[in-house]
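Q: Okay, handing you the structure first.
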Amino acid sequence: MTRVLEDKSVLITGGGSGIGRATALAAVREGAAVVVADMSKSGADETVEQITAAGGKAIALEVDVTDEAQVEAMVSAADDAFGGLDGAFNNAGVARGRDWAPGTLTAQTSLQAWRDVTSVNLDGVFLCLRSELQRMEQRGRGAIVNTASVAGLIGLAGASPYTASKHAVIGLTKAAALEYAETGIRINALCPGYVTTPMTALTGALPEVNAKRMERVPMSRYGTPEEVAEMVVWLLSDRASFCTGSAFTVGGGIEAG
Ligand code: NAD
């Protein structure tokens, strides 16, 4: 069977863990060479080790996606690494700030906590997207996926910075997709529901939190990072050639009810 990302070069932020790592592995399985970028260099290195052990091509980069200069350098290095960027998955994100965790009401949310979350989830996606577009524009093609969340489609009480940042990612995705629709560059948003990653382990360790989450999910289970990766790989591939400006949910039916 043809591999859907054969000979493509893909940049993945947050590639050192969870959904980003699973997507890096899936993209390589589908024929891509991957640039794995993460604030955790050890996480990115571990992903690259798994890829090279499986016979794939990948390099690791350390980046803080909130830092404009670091993002520029990352995208430039990624563009040079494997003969020009074909795809990008802007996926690095956080669910909590330094003095804030899910469950905190809006009235008790500090500006610092707001900025901790939105600077990664929104500013980080903007900086990566802008830099990727500048390069893809020159080649006249490319596919970009920005990680939002089901919390980009519905409100999550006790998580206003996270919910706001993810709604904004979908808005940013739509605006940019319209701008580039005729250029050969496609831009879509990904909306995972609850997925088993270190992020959900951090925010949902309590049994009652887990039970509450599962009440919302018609399939009554968490998704796996691998199930989410399948959607991302497809969106990055030419098989998704007529899709741009959309938000794609992988959530066990969570947004249907
Ligand atoms: P994760 O914590 O396993 O991975 C997130 C990665 O992002 C980590 O490796 C972390 O080091 C990296 N990161 C954080 N801040 C960064 C920064 N400033 N610069 C560079 N890298 C940074 O979490 P995950 O569940 O795999 O989350 C991936 C994305 O999916 C996030 O955007 C998250 O909001 C989104 N998401 C996750 C779920 C879920 O249930 N896990 C649901 C919806 C959306």
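Within each chain, counting starts at residue 1; across the structure tokens, chains are named A, B, ... in the order shown, with ligands numbered 1 upward in that order.
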So which residues of segment 122-248 of chain A fall under strand (DSSP E or B) by DSSP, listed as an NGL selection string?

A: :A and (142-147 or 185-192 or 195 or 223 or 247-248)

Q: Using C-alpha atoms, can you export the residues from the last selection as a PDB file, in the first residue's frame?

A:
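Contents of part29.pdb, as written:
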ATOM      1  CA  GLY A 142       2.169  22.819   2.281  1.00  0.00           C
ATOM      2  CA  ALA A 143      -0.181  21.460   4.928  1.00  0.00           C
ATOM      3  CA  ILE A 144      -0.437  22.729   8.487  1.00  0.00           C
ATOM      4  CA  VAL A 145      -2.385  21.331  11.442  1.00  0.00           C
ATOM      5  CA  ASN A 146      -2.839  23.410  14.595  1.00  0.00           C
ATOM      6  CA  THR A 147      -3.802  21.619  17.781  1.00  0.00           C
ATOM      7  CA  ILE A 185      -1.317  25.715   1.449  1.00  0.00           C
ATOM      8  CA  ARG A 186      -3.966  24.022   3.601  1.00  0.00           C
ATOM      9  CA  ILE A 187      -4.447  24.879   7.281  1.00  0.00           C
ATOM     10  CA  ASN A 188      -6.715  22.928   9.618  1.00  0.00           C
ATOM     11  CA  ALA A 189      -7.321  22.602  13.344  1.00  0.00           C
ATOM     12  CA  LEU A 190      -7.345  19.394  15.333  1.00  0.00           C
ATOM     13  CA  CYS A 191      -9.752  18.990  18.255  1.00  0.00           C
ATOM     14  CA  PRO A 192      -8.872  16.017  20.426  1.00  0.00           C
ATOM     15  CA  VAL A 195      -6.630  11.444  25.342  1.00  0.00           C
ATOM     16  CA  GLY A 223      -8.697   8.034  23.222  1.00  0.00           C
ATOM     17  CA  ALA A 247     -11.744  21.879  12.838  1.00  0.00           C
ATOM     18  CA  PHE A 248     -11.544  18.064  12.989  1.00  0.00           C
TER      19      PHE A 248
END

Q: Show which residues sit within 9 Å of segment 112-125 of chain A, as a ChimeraX atom specification. Count only C-alpha atoms, and ignore same-chain residues fewer than 6 positions away.

A: /A:64-68,71,90-101,146-148,160-162,164-166,168-169,172

Q: Check the DSSP output for the backbone and give back, as a VMD selection string, the residues of segment 9-182 of chain A in helix (DSSP H, G or I).

A: chain A and resid 18 to 29 41 to 53 68 to 81 106 to 108 111 to 139 150 to 152 160 to 180

Q: I'd like to know which of A:Val10, A:Cys243, A:Val36, A:Met214 is closest to Gly87 of chain A, using only C-alpha atoms.

A: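 Ranking A:Val10, A:Cys243, A:Val36, A:Met214 by distance to Gly87 of chain A, first place goes to A:Val10.
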
Q: Identify which of the residues A:Leu61, A:Ala26, A:Gly55, A:Ile254 lies closest to Met39 of chain A, counting only C-alpha atoms when measuring atom-to-atom distances.

A: A:Leu61

Q: Skipping near chain neighbours, those fewer than 6 positions away, what residues fall within 12 Å of segment 76-86 of chain A using only C-alpha atoms, listed as a PyMOL selection string?

A: chain A and resi 5-13+32-37+57-63+69-70+128+131-145+184-186+235-238

Q: May I have the selected residues written with N, CA and C atoms, as a compact mmCIF listing (two decimals), in the first residue's frame?

A:
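result_25.txt written:
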# COMPACT_ATOMS: atom_id res chain seq x y z
N LEU A 5 2.62 9.78 3.41
CA LEU A 5 3.55 10.91 3.57
C LEU A 5 4.92 10.59 2.97
N GLU A 6 4.94 9.72 1.97
CA GLU A 6 6.21 9.30 1.36
C GLU A 6 7.04 10.52 0.94
N ASP A 7 8.28 10.58 1.40
CA ASP A 7 9.24 11.63 1.03
C ASP A 7 8.84 13.03 1.47
N LYS A 8 7.90 13.15 2.37
CA LYS A 8 7.54 14.48 2.88
C LYS A 8 8.36 14.79 4.13
N SER A 9 8.54 16.09 4.35
CA SER A 9 9.26 16.56 5.52
C SER A 9 8.28 17.29 6.44
N VAL A 10 8.25 16.87 7.70
CA VAL A 10 7.21 17.37 8.62
C VAL A 10 7.85 17.86 9.93
N LEU A 11 7.42 19.04 10.37
CA LEU A 11 7.83 19.59 11.67
C LEU A 11 6.71 19.36 12.68
N ILE A 12 7.09 18.88 13.86
CA ILE A 12 6.09 18.63 14.91
C ILE A 12 6.55 19.30 16.20
N THR A 13 5.77 20.25 16.71
CA THR A 13 6.10 20.82 18.02
C THR A 13 5.36 20.04 19.11
N ALA A 32 7.40 9.83 6.07
CA ALA A 32 7.95 11.17 6.26
C ALA A 32 9.29 11.14 7.00
N ALA A 33 10.07 12.21 6.79
CA ALA A 33 11.20 12.53 7.67
C ALA A 33 10.68 13.61 8.61
N VAL A 34 11.04 13.52 9.88
CA VAL A 34 10.37 14.36 10.88
C VAL A 34 11.37 15.18 11.70
N VAL A 35 11.01 16.45 11.91
CA VAL A 35 11.74 17.31 12.84
C VAL A 35 10.92 17.37 14.12
N VAL A 36 11.48 16.84 15.18
CA VAL A 36 10.77 16.75 16.45
C VAL A 36 11.24 17.89 17.34
N ALA A 37 10.35 18.85 17.61
CA ALA A 37 10.73 20.02 18.40
C ALA A 37 9.96 20.03 19.72
N LYS A 57 13.80 8.51 9.62
CA LYS A 57 14.68 9.69 9.65
C LYS A 57 14.05 10.78 10.51
N ALA A 58 14.82 11.30 11.47
CA ALA A 58 14.31 12.38 12.32
C ALA A 58 15.46 13.10 13.00
N ILE A 59 15.21 14.38 13.32
CA ILE A 59 16.15 15.11 14.17
C ILE A 59 15.37 15.77 15.31
N ALA A 60 16.06 16.04 16.40
CA ALA A 60 15.42 16.68 17.56
C ALA A 60 15.90 18.12 17.67
N LEU A 61 14.97 19.03 18.00
CA LEU A 61 15.32 20.43 18.24
C LEU A 61 14.71 20.86 19.57
N GLU A 62 15.46 21.67 20.31
CA GLU A 62 14.92 22.23 21.55
C GLU A 62 14.33 23.59 21.22
N VAL A 63 13.11 23.85 21.64
CA VAL A 63 12.48 25.14 21.36
C VAL A 63 11.47 25.48 22.44
N ALA A 69 12.29 34.45 18.51
CA ALA A 69 13.56 34.15 17.87
C ALA A 69 13.81 32.64 17.81
N GLN A 70 13.45 31.94 18.88
CA GLN A 70 13.63 30.48 18.88
C GLN A 70 12.73 29.81 17.84
N CYS A 128 4.61 29.92 15.23
CA CYS A 128 5.00 28.80 14.36
C CYS A 128 4.31 28.92 13.00
N SER A 131 5.76 31.70 10.70
CA SER A 131 7.07 31.37 10.16
C SER A 131 6.96 30.26 9.10
N GLU A 132 6.12 29.29 9.35
CA GLU A 132 5.93 28.21 8.38
C GLU A 132 5.32 28.74 7.08
N LEU A 133 4.34 29.63 7.23
CA LEU A 133 3.69 30.19 6.03
C LEU A 133 4.68 30.96 5.16
N GLN A 134 5.57 31.69 5.82
CA GLN A 134 6.56 32.48 5.06
C GLN A 134 7.40 31.56 4.17
N ARG A 135 7.71 30.38 4.68
CA ARG A 135 8.52 29.45 3.87
C ARG A 135 7.68 28.68 2.87
N MET A 136 6.53 28.20 3.30
CA MET A 136 5.69 27.41 2.38
C MET A 136 5.19 28.26 1.21
N GLU A 137 4.97 29.55 1.49
CA GLU A 137 4.51 30.48 0.46
C GLU A 137 5.50 30.49 -0.72
N GLN A 138 6.78 30.43 -0.40
CA GLN A 138 7.79 30.47 -1.47
C GLN A 138 7.73 29.23 -2.35
N ARG A 139 7.30 28.10 -1.74
CA ARG A 139 7.24 26.84 -2.51
C ARG A 139 5.86 26.61 -3.13
N GLY A 140 4.87 27.38 -2.66
CA GLY A 140 3.52 27.26 -3.22
C GLY A 140 2.78 26.00 -2.82
N ARG A 141 3.18 25.42 -1.68
CA ARG A 141 2.42 24.27 -1.19
C ARG A 141 2.77 23.98 0.27
N GLY A 142 1.92 23.20 0.89
CA GLY A 142 2.17 22.82 2.28
C GLY A 142 0.87 22.50 3.00
N ALA A 143 1.00 21.78 4.11
CA ALA A 143 -0.18 21.46 4.93
C ALA A 143 0.19 21.68 6.39
N ILE A 144 -0.69 22.38 7.09
CA ILE A 144 -0.44 22.73 8.49
C ILE A 144 -1.63 22.29 9.34
N VAL A 145 -1.33 21.69 10.48
CA VAL A 145 -2.39 21.33 11.44
C VAL A 145 -2.05 22.00 12.77
N GLY A 184 -2.33 26.73 -2.43
CA GLY A 184 -1.80 25.37 -2.30
C GLY A 184 -1.40 25.04 -0.87
N ILE A 185 -1.62 25.98 0.04
CA ILE A 185 -1.32 25.71 1.45
C ILE A 185 -2.64 25.50 2.21
N ARG A 186 -2.76 24.34 2.84
CA ARG A 186 -3.97 24.02 3.60
C ARG A 186 -3.67 24.13 5.09
N LEU A 235 -4.56 14.57 7.58
CA LEU A 235 -4.68 16.01 7.26
C LEU A 235 -3.39 16.55 6.64
N LEU A 236 -2.25 16.02 7.04
CA LEU A 236 -0.98 16.49 6.48
C LEU A 236 -0.73 15.91 5.08
N SER A 237 -1.47 14.88 4.73
CA SER A 237 -1.22 14.19 3.46
C SER A 237 -2.05 14.79 2.32
N ASP A 238 -1.68 14.44 1.12
CA ASP A 238 -2.42 14.92 -0.05
C ASP A 238 -3.82 14.30 -0.15

Q: Expressed in Å to a single decimal, how great is the separation between atom CA of Trp234 of chain A and atom CA of Asn210 of chain A?

A: 29.6 Å

Q: Which residues are close to Thr47 of chain A, i.e. within 8 Å by only C-alpha atoms, leaving aside same-chain residues fewer than 6 positions away? Reply as a list in words.

A: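 The residues satisfying every condition are Gly15, Gly16, Ser17, Arg21, Ala24, Leu25 and Val36 of chain A.
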
Q: Got a sec: who's within 8 Å of Ala229 of chain A, counting only C-alpha atoms, leaving out chain neighbours fewer than 6 positions off, as a list in words?

A: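 Counting only C-alpha atoms, the residues come to Ile19, Gly20, Ala22, Thr23 and Ala26 of chain A.
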
Q: List the spatial neighbours of Ala157 of chain A as a VMD selection string - criterion: any atom at most 9 Å away, only C-alpha atoms, same-chain residues fewer than 6 positions off excluded.

A: chain A and resid 102 to 106 163

Q: So which one's closest to ligand 1, A:Lys41, A:Arg216, A:Arg239, A:His167? Using only C-alpha atoms and all ligand atoms, please.

A: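 Under the stated criterion, the closest residue is A:Lys41.
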
Q: With only C-alpha atoms and all ligand atoms as the atoms that count, which of A:Ala44, A:Val75, A:Leu111, A:Ala88 lies nearest to ligand 1?

A: A:Ala44

Q: Could you check which of A:Glu72, A:Ala181, A:Pro207, A:Ser42 is closest to Ser241 of chain A, using only C-alpha atoms?

A: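 Answer, going by the shortest atom-to-atom distance: A:Ala181.
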
Q: Which distance in Å separates atom 13 (N, counted along the ligand's line) of ligand 1 and atom CA of Glu230 of chain A, to one decimal?

A: 20.8 Å

Q: For a quick check of understanding, using only C-alpha atoms and all ligand atoms, which of A:Val233, A:Val209, A:Met219, A:Val228 has the smallest distance to ligand 1?

A: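 Closest residue, counting only C-alpha atoms and all ligand atoms: A:Val228.
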
Q: Could you check how far atom CA of Arg3 of chain A sits from atom CA of Gly31 of chain A, in Å to one decimal?

A: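 Interatomic distance here is 5.8 Å.
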